[in-house]
Amino acid sequence: MAEVVLEKVNKIFPNGVHAVKDADFVIQDKEFLVLLGPSGCGKTTTLRMIAGLEDITSGIIKIDGKVVNDVEPKDRDIAMVFQNYALYPHMTVYDNMAFGLKLRKTPKDEIERRVRQAAKILGIEHLLDRKPKQLSGGQRQRVAVGRAIVRNPKVFLFDEPLSNLDAKLRVQMRSELKKLHQRLEATIAYVTHDQVEAMTMADKIVIMHEGLIQQVGDPFDVYDHPANLFVAGFIGTPPMNFLAARVVKENGIWLKGDGFSINVPNDKAHLLENYIGKEVIFGVRPEDLTEKSQSENADETNTITTVVDVVEPLGSETLLHVTVGSNQFITAKVSPQTRARVGQRFDLTVNLEMIHVFDKETEIAIF
Amino acid sequence: MTKKILVVLNYMFLTILAVISIYPIFIMFISSFKTTPEIFFNPFNLPKKWNFQNFIKVWNEANFKVYFLNSVLITISSLIILLFCASLAAYALAKFNFKFNNLVFMIFLAGIMIPIRLGIVPLFILMRDLNLLDTRLSLIFTYSASGMPMSVFLFTGFFKTIPSELSDAARVDGCNEFQIFYKIMLPLVRPALATVALVNFVPWWNDFFFPLLFIRSDSLKTIQLGMTIFFGQYMTDWASLFAGMVIASIPMIILYLLMSKQFISGLTAGAVKG
C-alpha cells in the first residue's frame, strides 16, 4: 500500500477545456479519500489521471514516492472499478477476475487461490462460472470489485461505483466497501457526486467545482467549517440557507437583512470588524433553526420571524419551507411535533454557535 | 383469431419462398446423379440409379481437384487478409482520435460507392506492371482490397458500440494496445467477423469475372472458371456440370452452417449496466 501525491496537476483537453486546475492533495497510506463534486467538476478526470488513463498537462503525480507522470497504467500498480462495471462480457466471472493476473504471468495455482479468496470475501463464489450478463447489478458490482482486489494493488480507484445501483443496494454496498477498506487496509481514491456516500465513507474529502479544489478535509471539517459558499451549499441535505445581510455595529455586531436581525456572538464578532457597513452572506443550516417555543434561550438577538409556505413531515423530523422578509425562502428542520401551519407567522430560533458568514465578493467563508 | 390467420399466412409465405429457393438446388442435386440423356428425358424425377460416376469423372478427369484447391486457397487467403486489415483499420477509426480520422473514414466509405468492376482496366494494368497476371496473388489482392470499404464500415459500427470503459479496464489490468484489440475487442465483434466473412466469401467463391480476367494457366483456374470446360461449342456436358456445381456449392453450405451460429446478437449484453 502506498501514498499518492498530486502536485499542481492540470488537465487541459485538446478542445481547450481546462478540466482540472492546480489539483494539489495527498492520499495518505491506507486512507479512504473521496473526490466529491457535481458532474463536470473534474473529479473523474482527476481519478483517470491518477490511473494513467489521461495524460497530465502539467504537474506531478507520485505513487509510493515515485513520479508516475509517464508510466503506463499497467505499470502503476493500481486497480480501478468503473461506474458501469466494465466487465469483459465474453469471459466468465472467474476469467474476469483472473485476467489481470494472467497478463502478469502469475502462476496458475496462485491465480486460483487469489480469485477464490477474493470471491469468498465478496460472497460470489457460486457465480464464478457465470458470464456477466447472467448477473444482477449488485453481483456485477461485486465482480468488478473482486477484479480489483485479486491484483492486490498499491492503490484502489473507484469511479462512482454505486451510482448504477438502486437505493437499497447502494446503502448495503456502501457499508460493505467500508468494511472492505478496513479489512484490506487499502489506499483508496473514490469518486462520487453523492455527498452522503462521501460523508459516510471518507477519511478525507476533496471537494471540487469547475476543475478547482474547493476544500480538503475530513467529513466533519467540510460540514462544520465549509471553506466557501459552494462547499456550504453542496454539503448537507437540505442545503444550507443563505440570506443577504449587512454587518452593523450597535451594542455588538449584528447581521441585519430583510426581515431579520441576528446578534453575532462575541467570540466571532471580531472577525467581522473589517466588514462593518458592508454586505455579506449569512448562512445557517436547516437543523440549526429551531421552533422558538422549543428553544430555551430564544430572544430578540437570535430569532427570525417567518411565514410558513410548505410543511413536509418526514416522520423523524419535519421540514418547513418558510419565507423571510419579502421574498427570501429558507428551510428549517424542526421536530415532528411542530405546531407550524401553512400561511401562519412562525418564529425560528437560530443556533448562534453554528452560523456562517461569507464574503459577498470572494464567496470565501469569514467563519 | 386474426392473429392466428396472420401466423398461418406468414408461414405460407415463408414456405413458398423456401420452395422457390430450394427447388432449383434440389434439381441441381438430383441432376448431378443422372446421365445427360436422363436429365433431358426426366428432368424433374429422381434419378433411376444414384451413380457417383459424374463426381468421380469431374474430380479426377476434369482437374476439379486443382480448381477446388485454388478456390479454397484464394478465398481463404483473401478472407484472412481482409479480416485482419479491416478489423485493425476499423478499430483505429472507431476508438482513436487522430487528425484525419473522419477523412480516412470517408475515403473508405467512398470505396463502397464505386463498383470494383469499373476499375478493371487500371486494375489489369496494375497487375500487369506488378507482374502478378496469371498468379493467385492477383485475385487475392483484388478480393481483399475490394472487400475493405464495406468491411471497415461494418466493423467501425460494431467497435463504436463497445464501451470505452472496457479498454480502460483492460489497460489498467495490464494489456498493451494490441492485447486490448485481440483479447477484448475482437472476441466482442465476433458477429461482425462472421458477417464480413460470409458476405465476402460467397461472391468471391462464385466469382467468374476476375479469374477470367487474370488467370490463363489451367493449373491456376478457380472452380467457377474451371466449370467452363463443360460448355462446348456444340454440346454441353450437363451431367458433369451439375456435379461440378454441387461440389462448388458444398463449401458455402458448410460455411453457412458454421457461421450462422456466430450471428449471435447482444454479445455485449452484460458488459455494462443496460
# chains A, B, ... in the order shown; residues from 1 in each chain; ligands from 1

call {"tool": "closest_atom_pairs", "arguments": {"of": "chain A", "to": "chain B", "cutoff": "6 Å", "atoms": "only C-alpha atoms", "output": "Markdown table"}}
result
| residue | atom | partner | partner_atom | distance |
| --- | --- | --- | --- | --- |
| A:Pro73 | CA | B:Val172 | CA | 5.2 |
| A:Lys74 | CA | B:Gly174 | CA | 4.3 |
| A:Asn84 | CA | B:Val272 | CA | 5.1 |
| A:Ala86 | CA | B:Leu166 | CA | 5.0 |
| A:Leu87 | CA | B:Ala271 | CA | 5.2 |
| A:Tyr88 | CA | B:Ala271 | CA | 5.9 |
| A:Pro89 | CA | B:Ala271 | CA | 4.8 |
| A:Gly100 | CA | B:Asp173 | CA | 4.5 |
| A:Pro132 | CA | B:Gly270 | CA | 5.2 |
| A:Lys133 | CA | B:Gly270 | CA | 3.6 |

call {"tool": "write_last_selection", "arguments": {"atoms": "N, CA and C atoms", "output": "tab-separated table (two decimals), in the first residue's frame"}}
result
chain	number	residue	atom	x	y	z
A	73	PRO	N	-0.59	2.81	-17.36
A	73	PRO	CA	-1.50	2.36	-16.30
A	73	PRO	C	-1.10	1.00	-15.74
A	74	LYS	N	-0.71	0.09	-16.63
A	74	LYS	CA	-0.44	-1.28	-16.17
A	74	LYS	C	0.79	-1.35	-15.27
A	84	ASN	N	-19.79	1.79	-14.79
A	84	ASN	CA	-20.66	0.79	-15.40
A	84	ASN	C	-20.03	-0.60	-15.34
A	86	ALA	N	-17.72	-2.32	-16.40
A	86	ALA	CA	-16.75	-2.69	-17.44
A	86	ALA	C	-16.22	-4.10	-17.27
A	87	LEU	N	-17.11	-5.05	-17.04
A	87	LEU	CA	-16.70	-6.45	-17.03
A	87	LEU	C	-16.57	-6.91	-18.47
A	88	TYR	N	-15.64	-7.85	-18.72
A	88	TYR	CA	-15.48	-8.36	-20.08
A	88	TYR	C	-16.61	-9.35	-20.36
A	89	PRO	N	-17.51	-9.01	-21.30
A	89	PRO	CA	-18.72	-9.81	-21.45
A	89	PRO	C	-18.47	-11.23	-21.96
A	100	GLY	N	-6.23	-9.97	-15.16
A	100	GLY	CA	-5.07	-9.13	-14.84
A	100	GLY	C	-3.89	-9.94	-14.33
A	132	PRO	N	-21.01	-12.29	-17.25
A	132	PRO	CA	-21.54	-11.06	-16.64
A	132	PRO	C	-23.02	-10.81	-16.93
A	133	LYS	N	-23.48	-11.19	-18.14
A	133	LYS	CA	-24.88	-10.85	-18.46
A	133	LYS	C	-25.87	-11.69	-17.65

call {"tool": "residues_around", "arguments": {"residues": "Gly283 in chain A", "least_positions_apart": "6", "cutoff": "10 Å", "atoms": "only C-alpha atoms", "output": "PDB file with N, CA and C atoms, in the first residue's frame"}}
result
ATOM      1  N   LEU A 229     -18.752  29.440  -0.105  1.00  0.00           N
ATOM      2  CA  LEU A 229     -20.183  29.356  -0.348  1.00  0.00           C
ATOM      3  C   LEU A 229     -20.556  28.066  -1.072  1.00  0.00           C
ATOM      4  N   ALA A 232     -20.418  25.069   1.290  1.00  0.00           N
ATOM      5  CA  ALA A 232     -21.517  25.196   2.247  1.00  0.00           C
ATOM      6  C   ALA A 232     -22.837  24.769   1.617  1.00  0.00           C
ATOM      7  N   GLY A 233     -23.036  25.150   0.359  1.00  0.00           N
ATOM      8  CA  GLY A 233     -24.298  24.822  -0.302  1.00  0.00           C
ATOM      9  C   GLY A 233     -24.338  23.400  -0.813  1.00  0.00           C
ATOM     10  N   MET A 240     -27.601  24.299   2.983  1.00  0.00           N
ATOM     11  CA  MET A 240     -27.570  25.438   3.899  1.00  0.00           C
ATOM     12  C   MET A 240     -28.406  26.602   3.344  1.00  0.00           C
ATOM     13  N   ASN A 241     -29.051  27.361   4.250  1.00  0.00           N
ATOM     14  CA  ASN A 241     -29.804  28.550   3.837  1.00  0.00           C
ATOM     15  C   ASN A 241     -28.872  29.745   3.737  1.00  0.00           C
ATOM     16  N   PHE A 242     -29.049  30.538   2.722  1.00  0.00           N
ATOM     17  CA  PHE A 242     -28.242  31.753   2.581  1.00  0.00           C
ATOM     18  C   PHE A 242     -29.153  32.970   2.540  1.00  0.00           C
ATOM     19  N   LEU A 243     -28.767  34.015   3.271  1.00  0.00           N
ATOM     20  CA  LEU A 243     -29.539  35.259   3.254  1.00  0.00           C
ATOM     21  C   LEU A 243     -28.570  36.427   3.109  1.00  0.00           C
ATOM     22  N   ALA A 244     -28.923  37.384   2.281  1.00  0.00           N
ATOM     23  CA  ALA A 244     -28.104  38.585   2.144  1.00  0.00           C
ATOM     24  C   ALA A 244     -28.240  39.409   3.418  1.00  0.00           C
ATOM     25  N   ALA A 245     -27.113  39.914   3.928  1.00  0.00           N
ATOM     26  CA  ALA A 245     -27.169  40.674   5.183  1.00  0.00           C
ATOM     27  C   ALA A 245     -26.133  41.795   5.157  1.00  0.00           C
ATOM     28  N   MET A 354     -23.577  28.038  15.399  1.00  0.00           N
ATOM     29  CA  MET A 354     -23.400  27.344  14.126  1.00  0.00           C
ATOM     30  C   MET A 354     -23.681  28.233  12.914  1.00  0.00           C
ATOM     31  N   ILE A 355     -23.645  29.554  13.099  1.00  0.00           N
ATOM     32  CA  ILE A 355     -23.907  30.393  11.928  1.00  0.00           C
ATOM     33  C   ILE A 355     -22.626  30.586  11.110  1.00  0.00           C
ATOM     34  N   HIS A 356     -22.822  30.860   9.812  1.00  0.00           N
ATOM     35  CA  HIS A 356     -21.684  31.067   8.911  1.00  0.00           C
ATOM     36  C   HIS A 356     -21.855  32.399   8.221  1.00  0.00           C
ATOM     37  N   VAL A 357     -20.742  33.059   7.939  1.00  0.00           N
ATOM     38  CA  VAL A 357     -20.790  34.313   7.189  1.00  0.00           C
ATOM     39  C   VAL A 357     -19.761  34.234   6.062  1.00  0.00           C
ATOM     40  N   PHE A 358     -20.197  34.640   4.877  1.00  0.00           N
ATOM     41  CA  PHE A 358     -19.322  34.565   3.705  1.00  0.00           C
ATOM     42  C   PHE A 358     -19.140  35.946   3.100  1.00  0.00           C
ATOM     43  N   ALA A 365     -15.463  31.801   3.112  1.00  0.00           N
ATOM     44  CA  ALA A 365     -16.050  31.863   4.449  1.00  0.00           C
ATOM     45  C   ALA A 365     -15.237  32.791   5.338  1.00  0.00           C
ATOM     46  N   PHE A 367     -16.327  33.017   8.674  1.00  0.00           N
ATOM     47  CA  PHE A 367     -16.347  31.959   9.701  1.00  0.00           C
ATOM     48  C   PHE A 367     -17.536  31.065   9.451  1.00  0.00           C
TER      49      PHE A 367
END

call {"tool": "select_by_dssp", "arguments": {"residues": "range 82-160 of chain B", "states": "helix (DSSP H, G or I)", "output": "ChimeraX atom specification"}}
result
/B:82-95,101-113,116-129,136-160

call {"tool": "write_last_selection", "arguments": {"atoms": "C-alpha atoms", "output": "short mmCIF file (atom, residue, chain, number, x, y, z; two decimals), in the first residue's frame"}}
result
data_model
loop_
_atom_site.label_atom_id
_atom_site.label_comp_id
_atom_site.auth_asym_id
_atom_site.auth_seq_id
_atom_site.Cartn_x
_atom_site.Cartn_y
_atom_site.Cartn_z
CA LEU B 82 -9.40 -8.80 -45.24
CA LEU B 83 -10.44 -9.64 -41.69
CA PHE B 84 -7.03 -8.76 -40.29
CA CYS B 85 -6.66 -5.43 -42.12
CA ALA B 86 -10.28 -4.30 -41.99
CA SER B 87 -10.73 -5.00 -38.27
CA LEU B 88 -7.50 -3.22 -37.37
CA ALA B 89 -8.34 -0.24 -39.58
CA ALA B 90 -11.86 -0.03 -38.19
CA TYR B 91 -10.62 -0.32 -34.60
CA ALA B 92 -8.29 2.61 -35.12
CA LEU B 93 -11.04 4.63 -36.79
CA ALA B 94 -13.61 3.84 -34.12
CA LYS B 95 -11.53 4.09 -30.96
CA ASN B 101 -9.84 10.24 -38.66
CA ASN B 102 -13.05 11.35 -40.36
CA LEU B 103 -11.38 11.95 -43.70
CA VAL B 104 -9.90 8.45 -43.76
CA PHE B 105 -13.28 7.00 -42.85
CA MET B 106 -14.90 8.99 -45.68
CA ILE B 107 -12.34 7.65 -48.14
CA PHE B 108 -13.22 4.11 -47.07
CA LEU B 109 -16.92 4.94 -47.49
CA ALA B 110 -16.26 6.33 -50.96
CA GLY B 111 -14.94 2.89 -51.85
CA ILE B 112 -18.41 1.44 -51.26
CA MET B 113 -19.88 3.75 -53.86
CA ILE B 116 -14.84 -2.51 -58.44
CA ARG B 117 -15.68 -3.62 -61.98
CA LEU B 118 -15.40 -0.02 -63.16
CA GLY B 119 -11.73 -0.31 -62.39
CA ILE B 120 -10.90 -3.36 -64.47
CA VAL B 121 -8.67 -1.59 -66.99
CA PRO B 122 -6.43 0.16 -64.42
CA LEU B 123 -6.58 -2.98 -62.28
CA PHE B 124 -5.41 -5.08 -65.22
CA ILE B 125 -2.59 -2.64 -65.99
CA LEU B 126 -1.63 -2.59 -62.30
CA MET B 127 -1.45 -6.38 -62.11
CA ARG B 128 0.50 -6.49 -65.37
CA ASP B 129 3.02 -3.94 -64.09
CA ARG B 136 -3.24 -16.48 -57.41
CA LEU B 137 -1.94 -13.32 -55.72
CA SER B 138 -3.66 -11.13 -58.33
CA LEU B 139 -7.02 -12.49 -57.22
CA ILE B 140 -6.17 -12.46 -53.51
CA PHE B 141 -5.12 -8.81 -53.61
CA THR B 142 -8.11 -7.76 -55.71
CA TYR B 143 -10.60 -9.55 -53.49
CA SER B 144 -9.23 -8.45 -50.13
CA ALA B 145 -8.90 -4.85 -51.31
CA SER B 146 -12.36 -4.74 -52.82
CA GLY B 147 -13.85 -6.06 -49.60
CA MET B 148 -12.19 -3.43 -47.43
CA PRO B 149 -14.63 -0.47 -47.66
CA MET B 150 -17.75 -2.37 -46.72
CA SER B 151 -15.97 -4.38 -44.03
CA VAL B 152 -14.34 -1.33 -42.45
CA PHE B 153 -17.75 0.33 -42.43
CA LEU B 154 -19.34 -2.67 -40.71
CA PHE B 155 -16.54 -3.17 -38.19
CA THR B 156 -16.41 0.52 -37.29
CA GLY B 157 -20.08 0.44 -36.38
CA PHE B 158 -19.54 -2.59 -34.17
CA PHE B 159 -16.43 -1.24 -32.47
CA LYS B 160 -18.21 2.02 -31.71
#

call {"tool": "atom_distance", "arguments": {"atom1": "CA of Leu130 in chain B", "atom2": "CA of Phe68 in chain B"}}
result
25.9 Å

call {"tool": "residues_around", "arguments": {"residues": "range 286-294 of chain A", "least_positions_apart": "6", "cutoff": "6 Å", "atoms": "only C-alpha atoms", "output": "list of chain:residue names"}}
result
A:Thr331, A:Ala332, A:Lys333, A:Val334, A:Asp347, A:Leu348, A:Thr349, A:Val350, A:Asn351

call {"tool": "residues_around", "arguments": {"residues": "Val216 in chain A", "least_positions_apart": "2", "cutoff": "8 Å", "atoms": "only C-alpha atoms", "output": "list in words"}}
result
Phe25, Lys204, Ile205, Val206, Ile207, Ile213, Gln214, Asp218 and Val222 of chain A

call {"tool": "residues_around", "arguments": {"residues": "Asn200 in chain B", "least_positions_apart": "2", "cutoff": "9 Å", "atoms": "only C-alpha atoms", "output": "list in words"}}
result
Thr75, Leu79, Tyr143, Ser144, Gly147, Ser151, Thr195, Val196, Ala197, Leu198, Val202, Pro203, Trp204 and Trp205 of chain B

call {"tool": "residues_around", "arguments": {"residues": "Gly252 in chain A", "least_positions_apart": "5", "cutoff": "8 Å", "atoms": "only C-alpha atoms", "output": "number ranges by chain"}}
result
A: 263-264, 266, 269

call {"tool": "residues_around", "arguments": {"residues": "range 228-239 of chain B", "least_positions_apart": "6", "cutoff": "9 Å", "atoms": "only C-alpha atoms", "output": "list of chain:residue names"}}
result
B:Ser31, B:Ser32, B:Phe33, B:Lys34, B:Thr35, B:Thr36, B:Pro37, B:Ile39, B:Asn54, B:Ala62
